[in-house]
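Asker: Sharing run_32.tsv here; it has TSV, C-alpha atoms and all ligand atoms.
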chain	number	residue	atom	x	y	z
T	21	MET	CA	10.56	8.06	-15.50
T	22	ASP	CA	13.35	8.73	-17.93
T	23	GLU	CA	16.93	7.59	-18.41
T	24	ALA	CA	18.14	10.52	-16.31
T	25	ASP	CA	16.08	9.26	-13.36
T	26	VAL	CA	18.03	5.97	-13.29
T	27	ASP	CA	21.38	7.55	-13.87
T	28	GLY	CA	24.17	5.01	-14.24
T	29	ASP	CA	21.89	1.95	-14.08
T	30	LEU	CA	21.76	1.41	-17.84
T	31	VAL	CA	24.60	0.67	-20.22
T	32	ASN	CA	22.54	1.76	-23.20
T	33	ILE	CA	19.07	2.63	-24.42
T	34	LEU	CA	17.82	0.06	-26.91
T	35	PHE	CA	14.54	1.78	-27.82
T	36	THR	CA	13.24	5.20	-26.92
T	37	GLU	CA	9.62	5.86	-26.03
T	38	GLN	CA	9.06	7.38	-29.46
T	39	GLN	CA	10.62	4.43	-31.29
T	40	ILE	CA	8.38	2.08	-29.30
T	41	LEU	CA	5.24	4.09	-30.08
T	42	ASP	CA	6.15	4.23	-33.78
T	43	ARG	CA	6.75	0.48	-33.93
T	44	LEU	CA	3.51	-0.28	-32.08
T	45	GLY	CA	1.71	1.93	-34.61
T	46	GLU	CA	3.12	-0.14	-37.48
T	47	MET	CA	2.15	-3.35	-35.71
T	48	ALA	CA	-1.36	-2.04	-35.12
T	49	ARG	CA	-1.73	-1.37	-38.88
T	50	ASP	CA	-0.64	-4.97	-39.65
T	51	ILE	CA	-3.03	-6.39	-37.06
T	52	GLU	CA	-5.93	-4.27	-38.36
T	53	LYS	CA	-5.34	-5.58	-41.86
T	54	ASP	CA	-5.18	-9.20	-40.74
T	55	TYR	CA	-8.33	-9.00	-38.62
T	56	GLU	CA	-10.37	-6.79	-40.93
T	57	GLY	CA	-14.08	-7.49	-40.47
T	58	GLU	CA	-13.39	-9.78	-37.49
T	59	ASP	CA	-13.99	-9.13	-33.85
T	60	LEU	CA	-10.75	-9.12	-31.85
T	61	LEU	CA	-9.91	-9.74	-28.19
T	62	ILE	CA	-6.44	-8.75	-27.05
T	63	VAL	CA	-5.19	-10.49	-23.91
T	64	GLY	CA	-2.42	-8.85	-21.88
T	65	VAL	CA	-0.13	-10.97	-19.72
T	66	LEU	CA	0.27	-9.24	-16.37
T	67	ARG	CA	2.25	-7.51	-15.23
T	68	GLY	CA	4.86	-6.65	-17.82
T	69	ALA	CA	2.46	-6.23	-20.73
T	70	VAL	CA	0.56	-3.30	-19.21
T	71	MET	CA	2.46	-0.63	-21.14
T	72	VAL	CA	2.35	-2.47	-24.48
T	73	MET	CA	-1.37	-3.15	-24.08
T	74	ALA	CA	-2.13	0.48	-23.28
T	75	ASP	CA	-0.20	1.87	-26.23
T	76	LEU	CA	-1.07	-0.85	-28.75
T	77	ALA	CA	-4.80	-0.65	-27.95
T	78	ARG	CA	-4.77	3.13	-28.40
T	79	ALA	CA	-2.88	2.82	-31.69
T	80	PHE	CA	-5.81	0.91	-33.24
T	81	ASN	CA	-8.28	2.77	-35.45
T	82	ARG	CA	-10.92	0.19	-34.61
T	83	HIS	CA	-12.68	-1.30	-31.64
T	84	VAL	CA	-10.78	-3.93	-29.72
T	85	GLU	CA	-11.77	-5.76	-26.56
T	86	MET	CA	-9.20	-6.13	-23.78
T	87	ASP	CA	-8.79	-8.80	-21.13
T	88	TRP	CA	-5.96	-9.87	-18.83
T	89	MET	CA	-4.30	-12.97	-17.48
T	90	ALA	CA	-1.69	-13.36	-14.77
T	91	VAL	CA	0.45	-16.48	-14.68
T	92	SER	CA	3.33	-17.71	-12.60
T	93	SER	CA	5.81	-20.55	-12.63
T	94	TYR	CA	5.29	-23.33	-10.09
T	95	GLY	CA	7.68	-24.64	-7.46
T	96	SER	CA	11.25	-23.56	-7.76
T	97	GLY	CA	10.21	-20.13	-8.99
T	98	THR	CA	12.42	-20.52	-12.00
T	99	LYS	CA	10.81	-20.66	-15.38
T	100	SER	CA	12.88	-23.66	-16.40
T	101	SER	CA	10.32	-26.04	-14.86
T	102	GLY	CA	7.99	-25.12	-17.71
T	103	VAL	CA	5.04	-25.52	-15.37
T	104	VAL	CA	2.79	-22.52	-15.13
T	105	ARG	CA	-0.21	-21.77	-12.98
T	106	ILE	CA	-2.95	-19.24	-13.51
T	107	LEU	CA	-3.06	-16.45	-10.91
T	108	LYS	CA	-5.80	-14.54	-12.72
T	109	ASP	CA	-7.86	-16.04	-15.49
T	110	LEU	CA	-9.72	-14.31	-18.28
T	111	ASP	CA	-13.11	-12.80	-17.52
T	112	THR	CA	-14.12	-13.52	-21.11
T	113	ASP	CA	-15.43	-16.71	-22.71
T	114	ILE	CA	-13.17	-16.98	-25.75
T	115	SER	CA	-14.92	-19.83	-27.54
T	116	GLY	CA	-15.32	-18.84	-31.18
T	117	ARG	CA	-13.35	-15.62	-30.63
T	118	HIS	CA	-10.18	-14.35	-32.30
T	119	VAL	CA	-7.62	-13.92	-29.51
T	120	LEU	CA	-4.34	-12.05	-29.70
T	121	ILE	CA	-2.03	-12.54	-26.71
T	122	VAL	CA	0.02	-9.40	-26.05
T	123	ASP	CA	3.27	-9.53	-24.11
T	124	GLU	CA	6.32	-7.33	-23.85
T	125	ILE	CA	8.97	-10.05	-24.22
T	126	ILE	CA	9.53	-13.64	-25.27
T	127	ASP	CA	12.57	-14.94	-23.45
T	128	THR	CA	12.66	-18.76	-23.20
T	129	GLY	CA	9.18	-18.93	-24.72
T	130	LEU	CA	7.86	-21.13	-21.90
T	131	THR	CA	5.19	-18.71	-20.72
T	132	LEU	CA	3.66	-18.10	-24.11
T	133	MET	CA	4.00	-21.73	-25.18
T	134	TRP	CA	1.95	-22.77	-22.17
T	135	LEU	CA	-0.52	-19.90	-22.49
T	136	THR	CA	-1.15	-20.52	-26.18
T	137	SER	CA	-1.88	-24.15	-25.54
T	138	ASN	CA	-4.11	-23.32	-22.57
T	139	LEU	CA	-6.16	-20.79	-24.57
T	140	ASN	CA	-6.36	-23.10	-27.58
T	141	SER	CA	-8.04	-25.72	-25.40
T	142	ARG	CA	-10.96	-23.29	-24.91
T	143	HIS	CA	-12.05	-23.57	-28.57
T	144	PRO	CA	-11.31	-20.06	-29.77
T	145	ALA	CA	-11.55	-19.14	-33.47
T	146	SER	CA	-7.81	-18.41	-33.37
T	147	VAL	CA	-4.94	-17.64	-30.97
T	148	GLU	CA	-1.95	-15.58	-32.08
T	149	ILE	CA	0.87	-13.80	-30.25
T	150	CYS	CA	2.07	-10.23	-30.41
T	151	THR	CA	5.26	-9.36	-28.54
T	152	LEU	CA	7.22	-6.15	-28.47
T	153	LEU	CA	10.55	-7.93	-27.92
T	154	ARG	CA	11.96	-11.37	-28.56
T	155	LYS	CA	15.32	-12.87	-27.58
T	156	PRO	CA	16.02	-15.49	-30.25
T	157	ASP	CA	19.21	-16.66	-28.49
T	158	ALA	CA	17.34	-17.37	-25.24
T	159	GLN	CA	14.37	-19.16	-26.76
T	160	LYS	CA	13.92	-22.79	-25.73
T	161	MET	CA	10.38	-23.44	-26.88
T	162	ASN	CA	9.09	-23.29	-30.39
T	163	VAL	CA	6.81	-20.28	-30.05
T	164	ASP	CA	5.96	-18.50	-33.25
T	165	PRO	CA	4.60	-15.00	-32.61
T	166	LYS	CA	2.72	-13.48	-35.53
T	167	TYR	CA	3.77	-9.94	-34.59
T	168	VAL	CA	7.22	-9.04	-33.21
T	169	GLY	CA	8.42	-5.51	-32.55
T	170	TRP	CA	12.13	-6.28	-32.45
T	171	ASP	CA	14.53	-9.16	-31.94
T	172	ILE	CA	17.12	-8.27	-29.30
T	173	PRO	CA	20.33	-9.80	-27.95
T	174	ASN	CA	20.21	-12.04	-24.88
T	175	GLU	CA	20.88	-9.23	-22.40
T	176	PHE	CA	19.16	-8.09	-19.22
T	177	VAL	CA	16.74	-5.46	-20.45
T	178	VAL	CA	14.43	-3.30	-18.36
T	179	GLY	CA	11.86	-0.58	-18.87
T	180	TYR	CA	8.50	-0.19	-20.58
T	181	GLY	CA	7.00	-2.92	-18.35
T	182	LEU	CA	10.17	-4.99	-17.95
T	183	ASP	CA	11.44	-5.12	-14.38
T	184	TYR	CA	14.40	-6.03	-12.26
T	185	ASN	CA	13.13	-6.80	-8.73
T	186	GLU	CA	9.91	-4.91	-9.57
T	187	LYS	CA	11.86	-1.76	-10.46
T	188	TYR	CA	12.26	-0.01	-13.83
T	189	ARG	CA	8.82	-1.04	-15.14
T	190	ASN	CA	7.84	2.62	-15.36
T	191	LEU	CA	10.91	3.65	-17.32
T	192	ARG	CA	9.68	5.10	-20.61
T	193	SER	CA	12.37	3.50	-22.76
T	194	VAL	CA	13.87	0.00	-22.94
T	195	GLY	CA	17.52	-0.25	-21.94
T	196	THR	CA	20.19	-2.76	-21.00
T	197	LEU	CA	20.75	-2.97	-17.26
T	198	ALA	CA	24.32	-2.40	-16.11
T	199	PRO	CA	25.80	-5.56	-14.52
T	200	HIS	CA	26.71	-3.67	-11.32
T	201	VAL	CA	22.99	-3.32	-10.57
T	202	TYR	CA	22.26	-7.05	-10.46
T	203	SER	CA	25.62	-8.68	-9.65
T	301	LIG	C1	7.94	-11.99	-18.33
T	301	LIG	C2	7.25	-11.54	-19.62
T	301	LIG	C3	6.77	-12.81	-20.23
T	301	LIG	C4	7.73	-13.83	-19.71
T	301	LIG	C5	8.66	-14.22	-20.79
T	301	LIG	O1	7.01	-12.08	-17.31
T	301	LIG	O2	6.19	-10.66	-19.35
T	301	LIG	O3	5.45	-13.12	-19.85
T	301	LIG	O4	8.48	-13.27	-18.65
T	301	LIG	O5	9.60	-15.17	-20.34
T	301	LIG	P1	9.67	-16.61	-20.96
T	301	LIG	O6	9.59	-16.48	-22.45
T	301	LIG	O7	11.02	-17.11	-20.50
T	301	LIG	O8	8.56	-17.44	-20.42
T	301	LIG	P2	7.42	-12.37	-15.79
T	301	LIG	O9	7.22	-13.83	-15.49
T	301	LIG	O10	8.79	-11.81	-15.51
T	301	LIG	O11	6.32	-11.62	-14.99
T	301	LIG	P3	5.92	-10.05	-15.09
T	301	LIG	O12	5.21	-9.85	-16.40
T	301	LIG	O13	5.04	-9.85	-13.90
T	301	LIG	O14	7.21	-9.25	-15.02
Here is a file; write its structure as structure tokens.

Answerer:
Amino acid sequence: MDEADVDGDLVNILFTEQQILDRLGEMARDIEKDYEGEDLLIVGVLRGAVMVMADLARAFNRHVEMDWMAVSSYGSGTKSSGVVRILKDLDTDISGRHVLIVDEIIDTGLTLMWLTSNLNSRHPASVEICTLLRKPDAQKMNVDPKYVGWDIPNEFVVGYGLDYNEKYRNLRSVGTLAPHVYS
């Protein structure tokens, strides 16, 4: 769906579908260069990363293997606990493989901090992170993604995989949610 389909719910559009596709194309070129001659497994973090995975994978001019993980915070349901559990693990044995985790946003950094350390314990050749968006002002953990689409302000953003109460994931663009929607 488009901006017009969620009329009044957004205060602005941060990135249009075309801007996102262009940026993912640039990131794909960088990734291709860095992994030239190497086999590459990209791992999407369900559910938000579905759109980024689909468009990034298709932007490559090379073969790339795809796998998925789903994780969730324990207990309170807030991410602040920093404890994560695996809801769906990889189907792939990553030992000796080059792994690139793909996500749509780094917020506090807790999810990707935990995931990187978990995957690193499986003896891969390498583990790096690619994220479309990063909120530097929200980050609590020292996560260092190799590929970042854009740094954004610490605002409530939705669209292109990002949800509010499971809505807006299928919005083509990324926009800032109007406070009246969630307050
Ligand atoms: C989002 C996003 C990241 C994570 C980032 O997933 O996809 O994985 O939050 O937040 P953090 O940096 O504070 O850990 P979410 O847990 O909302 O699940 P979803 O992908 O199913 O929307």

Asker: Could you tell me, as a list in words, which residues have any atom at most 12 Å from (-2.4, -0.7, -21.8), counting only C-alpha atoms?

Answerer: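 Answer for this query, in the requested form: Leu44, Ile62, Val63, Gly64, Val65, Leu66, Arg67, Gly68, Ala69, Val70, Met71, Val72, Met73, Ala74, Asp75, Leu76, Ala77, Arg78, Ala79, Val84, Glu85, Met86, Asp87, Trp88, Val122, Asp123, Glu124, Tyr180 and Gly181 of chain T.
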
Asker: Which residues sit within 10 Å of ligand LIG 301 (chain T), counting only C-alpha atoms and all ligand atoms, listed as number ranges by chain?

Answerer: T: 64-70, 90-93, 97-100, 102, 104, 122-135, 151, 153-155, 158-161, 163, 178, 181-187, 189

Asker: Using the selection just defined, write its residues with C-alpha atoms as a PDB file, in the coordinates of the input.

Answerer:
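File written: result.pdb
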ATOM      1  CA  GLY T  64      -2.420  -8.850 -21.880  1.00  0.00           C
ATOM      2  CA  VAL T  65      -0.130 -10.970 -19.720  1.00  0.00           C
ATOM      3  CA  LEU T  66       0.270  -9.240 -16.370  1.00  0.00           C
ATOM      4  CA  ARG T  67       2.250  -7.510 -15.230  1.00  0.00           C
ATOM      5  CA  GLY T  68       4.860  -6.650 -17.820  1.00  0.00           C
ATOM      6  CA  ALA T  69       2.460  -6.230 -20.730  1.00  0.00           C
ATOM      7  CA  VAL T  70       0.560  -3.300 -19.210  1.00  0.00           C
ATOM      8  CA  ALA T  90      -1.690 -13.360 -14.770  1.00  0.00           C
ATOM      9  CA  VAL T  91       0.450 -16.480 -14.680  1.00  0.00           C
ATOM     10  CA  SER T  92       3.330 -17.710 -12.600  1.00  0.00           C
ATOM     11  CA  SER T  93       5.810 -20.550 -12.630  1.00  0.00           C
ATOM     12  CA  GLY T  97      10.210 -20.130  -8.990  1.00  0.00           C
ATOM     13  CA  THR T  98      12.420 -20.520 -12.000  1.00  0.00           C
ATOM     14  CA  LYS T  99      10.810 -20.660 -15.380  1.00  0.00           C
ATOM     15  CA  SER T 100      12.880 -23.660 -16.400  1.00  0.00           C
ATOM     16  CA  GLY T 102       7.990 -25.120 -17.710  1.00  0.00           C
ATOM     17  CA  VAL T 104       2.790 -22.520 -15.130  1.00  0.00           C
ATOM     18  CA  VAL T 122       0.020  -9.400 -26.050  1.00  0.00           C
ATOM     19  CA  ASP T 123       3.270  -9.530 -24.110  1.00  0.00           C
ATOM     20  CA  GLU T 124       6.320  -7.330 -23.850  1.00  0.00           C
ATOM     21  CA  ILE T 125       8.970 -10.050 -24.220  1.00  0.00           C
ATOM     22  CA  ILE T 126       9.530 -13.640 -25.270  1.00  0.00           C
ATOM     23  CA  ASP T 127      12.570 -14.940 -23.450  1.00  0.00           C
ATOM     24  CA  THR T 128      12.660 -18.760 -23.200  1.00  0.00           C
ATOM     25  CA  GLY T 129       9.180 -18.930 -24.720  1.00  0.00           C
ATOM     26  CA  LEU T 130       7.860 -21.130 -21.900  1.00  0.00           C
ATOM     27  CA  THR T 131       5.190 -18.710 -20.720  1.00  0.00           C
ATOM     28  CA  LEU T 132       3.660 -18.100 -24.110  1.00  0.00           C
ATOM     29  CA  MET T 133       4.000 -21.730 -25.180  1.00  0.00           C
ATOM     30  CA  TRP T 134       1.950 -22.770 -22.170  1.00  0.00           C
ATOM     31  CA  LEU T 135      -0.520 -19.900 -22.490  1.00  0.00           C
ATOM     32  CA  THR T 151       5.260  -9.360 -28.540  1.00  0.00           C
ATOM     33  CA  LEU T 153      10.550  -7.930 -27.920  1.00  0.00           C
ATOM     34  CA  ARG T 154      11.960 -11.370 -28.560  1.00  0.00           C
ATOM     35  CA  LYS T 155      15.320 -12.870 -27.580  1.00  0.00           C
ATOM     36  CA  ALA T 158      17.340 -17.370 -25.240  1.00  0.00           C
ATOM     37  CA  GLN T 159      14.370 -19.160 -26.760  1.00  0.00           C
ATOM     38  CA  LYS T 160      13.920 -22.790 -25.730  1.00  0.00           C
ATOM     39  CA  MET T 161      10.380 -23.440 -26.880  1.00  0.00           C
ATOM     40  CA  VAL T 163       6.810 -20.280 -30.050  1.00  0.00           C
ATOM     41  CA  VAL T 178      14.430  -3.300 -18.360  1.00  0.00           C
ATOM     42  CA  GLY T 181       7.000  -2.920 -18.350  1.00  0.00           C
ATOM     43  CA  LEU T 182      10.170  -4.990 -17.950  1.00  0.00           C
ATOM     44  CA  ASP T 183      11.440  -5.120 -14.380  1.00  0.00           C
ATOM     45  CA  TYR T 184      14.400  -6.030 -12.260  1.00  0.00           C
ATOM     46  CA  ASN T 185      13.130  -6.800  -8.730  1.00  0.00           C
ATOM     47  CA  GLU T 186       9.910  -4.910  -9.570  1.00  0.00           C
ATOM     48  CA  LYS T 187      11.860  -1.760 -10.460  1.00  0.00           C
ATOM     49  CA  ARG T 189       8.820  -1.040 -15.140  1.00  0.00           C
TER      50      ARG T 189
END

Asker: Hey, can you check how far CA of Ile114 (chain T) sits from CA of Tyr167 (chain T)?

Answerer: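 Taking CA of Ile114 (chain T) and CA of Tyr167 (chain T), their separation equals 20.4 Å.
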
Asker: Using only C-alpha atoms, find the one residue out of T:Leu110, T:Val201, T:Val119, T:Val194 that sits nearest to Gln38 (chain T).

Answerer: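 The answer is T:Val194, which sits nearest to Gln38 (chain T).
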
Asker: How far is it from CA of Gly57 (chain T) to CA of His83 (chain T), in Å with one decimal?

Answerer: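 Atom-to-atom, CA of Gly57 (chain T) to CA of His83 (chain T), that is 10.9 Å.
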
Asker: Can you list, as a PDB file with C-alpha atoms, keeping the file's coordinate frame, every protein, DNA or RNA residue that comes within 10 Å of region 51-55 of chain T when you count all atoms listed in the file, leaving out same-chain residues fewer than 4 positions away?

Answerer:
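Dumped everything to result_26.pdb:
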ATOM      1  CA  GLY T  45       1.710   1.930 -34.610  1.00  0.00           C
ATOM      2  CA  GLU T  46       3.120  -0.140 -37.480  1.00  0.00           C
ATOM      3  CA  MET T  47       2.150  -3.350 -35.710  1.00  0.00           C
ATOM      4  CA  ASP T  59     -13.990  -9.130 -33.850  1.00  0.00           C
ATOM      5  CA  LEU T  60     -10.750  -9.120 -31.850  1.00  0.00           C
ATOM      6  CA  PHE T  80      -5.810   0.910 -33.240  1.00  0.00           C
ATOM      7  CA  ASN T  81      -8.280   2.770 -35.450  1.00  0.00           C
ATOM      8  CA  ARG T  82     -10.920   0.190 -34.610  1.00  0.00           C
ATOM      9  CA  HIS T  83     -12.680  -1.300 -31.640  1.00  0.00           C
ATOM     10  CA  VAL T  84     -10.780  -3.930 -29.720  1.00  0.00           C
ATOM     11  CA  HIS T 118     -10.180 -14.350 -32.300  1.00  0.00           C
ATOM     12  CA  LEU T 120      -4.340 -12.050 -29.700  1.00  0.00           C
ATOM     13  CA  CYS T 150       2.070 -10.230 -30.410  1.00  0.00           C
ATOM     14  CA  LYS T 166       2.720 -13.480 -35.530  1.00  0.00           C
ATOM     15  CA  TYR T 167       3.770  -9.940 -34.590  1.00  0.00           C
TER      16      TYR T 167
END

Asker: When you count only C-alpha atoms, which of these residues is closest to Thr196 (chain T): T:Ala48, T:Met21, T:Val31, T:Leu41?

Answerer: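 Closest residue, counting only C-alpha atoms: T:Val31.
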